[in-house]
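**Q** To start, I am sharing the structure in question, which I have written as structure tokens.
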Amino acid sequence: MQQLQQQRRMFTAALLALVFILAAVSTTEAGKKEKPEKKVKKSDCGEWQWSVCVPTSGDCGLGTREGTRTGAECKQTTKTQKCKIPCNWKKQFGAECKYQFQAWGECDLNTALKTRTGNLKRALHNADCQKTVTISKPCGKLTKPKPQDSRKESTECIYLI
């Protein structure tokens, strides 16, 4: 019987300790000030729309591009930004579009051209680029079999005096 009473006292003491801890935590939380929410300023300004990068000189290197946006309450609706066009990019597909090209294909004997395909690797300044492009170039010297007689003629020299 005595052991049962001792267990009840231990249980009551543990319960009181738990209530005390919970009360202390809740008063600590109540004492903290809540941070006021930041006021979100609603703007009617649209997103910036950028022109293509125009090189200062030549067809690559440093240049500028123009940005515009709309909105009645916008403080700034136009601005100019510096930009750079890498000189090793294929300009025919847009100066702001970078492609990863495959190896050149075999020469087409009908057109005397060889082609390769490029997949878009990177678009600068959110440029509107084609996903894949194809380029062609001349095959170079085509080797044609020479007739036997042409060799003899090429070894003879004629001197004019």
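Residues are referred to by chain and number: the chain letter is A, B, ... according to the order shown in the structure tokens, the number counts from 1 in that chain, and ligands are numbered separately from 1 in the order shown.
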For Trp50 of chain A, work out the shell of residues within 8 Å, counting only C-alpha atoms and skipping chain neighbours fewer than 4 positions away, then give it as a PDB file with all heavy atoms, in the first residue's frame.
**A**
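Saved as selection.pdb:
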ATOM      1  N   ARG A  65      22.208  47.413 -75.161  1.00  0.00           N
ATOM      2  CA  ARG A  65      20.863  47.002 -75.540  1.00  0.00           C
ATOM      3  C   ARG A  65      19.881  47.863 -74.771  1.00  0.00           C
ATOM      4  O   ARG A  65      20.164  48.341 -73.675  1.00  0.00           O
ATOM      5  CB  ARG A  65      20.633  45.518 -75.296  1.00  0.00           C
ATOM      6  CG  ARG A  65      20.718  45.094 -73.861  1.00  0.00           C
ATOM      7  CD  ARG A  65      20.654  43.580 -73.770  1.00  0.00           C
ATOM      8  NE  ARG A  65      20.574  43.188 -72.373  1.00  0.00           N
ATOM      9  CZ  ARG A  65      19.720  42.303 -71.899  1.00  0.00           C
ATOM     10  NH1 ARG A  65      18.892  41.694 -72.710  1.00  0.00           N
ATOM     11  NH2 ARG A  65      19.692  42.013 -70.631  1.00  0.00           N
ATOM     12  N   GLU A  66      18.727  48.074 -75.363  1.00  0.00           N
ATOM     13  CA  GLU A  66      17.705  48.940 -74.794  1.00  0.00           C
ATOM     14  C   GLU A  66      16.632  48.102 -74.115  1.00  0.00           C
ATOM     15  O   GLU A  66      16.223  47.065 -74.630  1.00  0.00           O
ATOM     16  CB  GLU A  66      17.055  49.786 -75.888  1.00  0.00           C
ATOM     17  CG  GLU A  66      18.025  50.694 -76.625  1.00  0.00           C
ATOM     18  CD  GLU A  66      18.555  51.813 -75.768  1.00  0.00           C
ATOM     19  OE1 GLU A  66      17.793  52.360 -74.952  1.00  0.00           O
ATOM     20  OE2 GLU A  66      19.758  52.132 -75.904  1.00  0.00           O
ATOM     21  N   GLY A  67      16.166  48.590 -72.965  1.00  0.00           N
ATOM     22  CA  GLY A  67      15.086  47.921 -72.259  1.00  0.00           C
ATOM     23  C   GLY A  67      13.913  48.867 -72.072  1.00  0.00           C
ATOM     24  O   GLY A  67      14.111  50.064 -71.823  1.00  0.00           O
ATOM     25  N   THR A  68      12.713  48.338 -72.172  1.00  0.00           N
ATOM     26  CA  THR A  68      11.503  49.138 -71.949  1.00  0.00           C
ATOM     27  C   THR A  68      10.525  48.336 -71.113  1.00  0.00           C
ATOM     28  O   THR A  68      10.551  47.101 -71.116  1.00  0.00           O
ATOM     29  CB  THR A  68      10.808  49.517 -73.278  1.00  0.00           C
ATOM     30  OG1 THR A  68      10.489  48.326 -73.985  1.00  0.00           O
ATOM     31  CG2 THR A  68      11.694  50.395 -74.136  1.00  0.00           C
ATOM     32  N   HIS A 125      20.579  36.862 -72.355  1.00  0.00           N
ATOM     33  CA  HIS A 125      19.549  37.882 -72.153  1.00  0.00           C
ATOM     34  C   HIS A 125      18.161  37.409 -72.584  1.00  0.00           C
ATOM     35  O   HIS A 125      17.394  38.166 -73.159  1.00  0.00           O
ATOM     36  CB  HIS A 125      19.908  39.170 -72.905  1.00  0.00           C
ATOM     37  CG  HIS A 125      21.322  39.596 -72.693  1.00  0.00           C
ATOM     38  ND1 HIS A 125      21.807  40.010 -71.471  1.00  0.00           N
ATOM     39  CD2 HIS A 125      22.368  39.656 -73.546  1.00  0.00           C
ATOM     40  CE1 HIS A 125      23.082  40.324 -71.591  1.00  0.00           C
ATOM     41  NE2 HIS A 125      23.445  40.114 -72.830  1.00  0.00           N
TER      42      HIS A 125
END
**Q** Between A:Cys60, A:Ala13, A:Cys97, A:Val52, which has the minimum distance to Cys129 of chain A (counting only C-alpha atoms)?
**A**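 Smallest separation from Cys129 of chain A among the options: A:Cys97.
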**Q** Return the single residue from A:Arg69, A:Lys75, A:Lys98, A:Lys137 that is closest to Asn119 of chain A, with distances computed using only C-alpha atoms.
**A** A:Lys98
**Q** Quick one: residues within 10 Å of segment 54-56 of chain A, only C-alpha atoms counted, chain neighbours fewer than 2 positions away excluded, as an MDAnalysis selection string?
**A** chainID A and resid 51:52 58:66 82:85 95
**Q** Find, counting only C-alpha atoms, the residue in A:Cys74, A:Gln49, A:Gly118, A:Asp108 that gets nearest to Gln130 of chain A.
**A**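 Closest to Gln130 of chain A, using only C-alpha atoms: A:Gly118.
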**Q** Record the distance separating atom CA of Gln102 of chain A and atom CA of Gly140 of chain A, expressed in Å with one decimal.
**A**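 For atom CA of Gln102 of chain A relative to atom CA of Gly140 of chain A, the distance reads 18.8 Å.
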**Q** Go ahead and compute the interatomic distance for atom CA of Pro138 of chain A and atom CA of Ala123 of chain A, in Å to one decimal.
**A**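 If I compute the distance from atom CA of Pro138 of chain A to atom CA of Ala123 of chain A, I get 28.0 Å.
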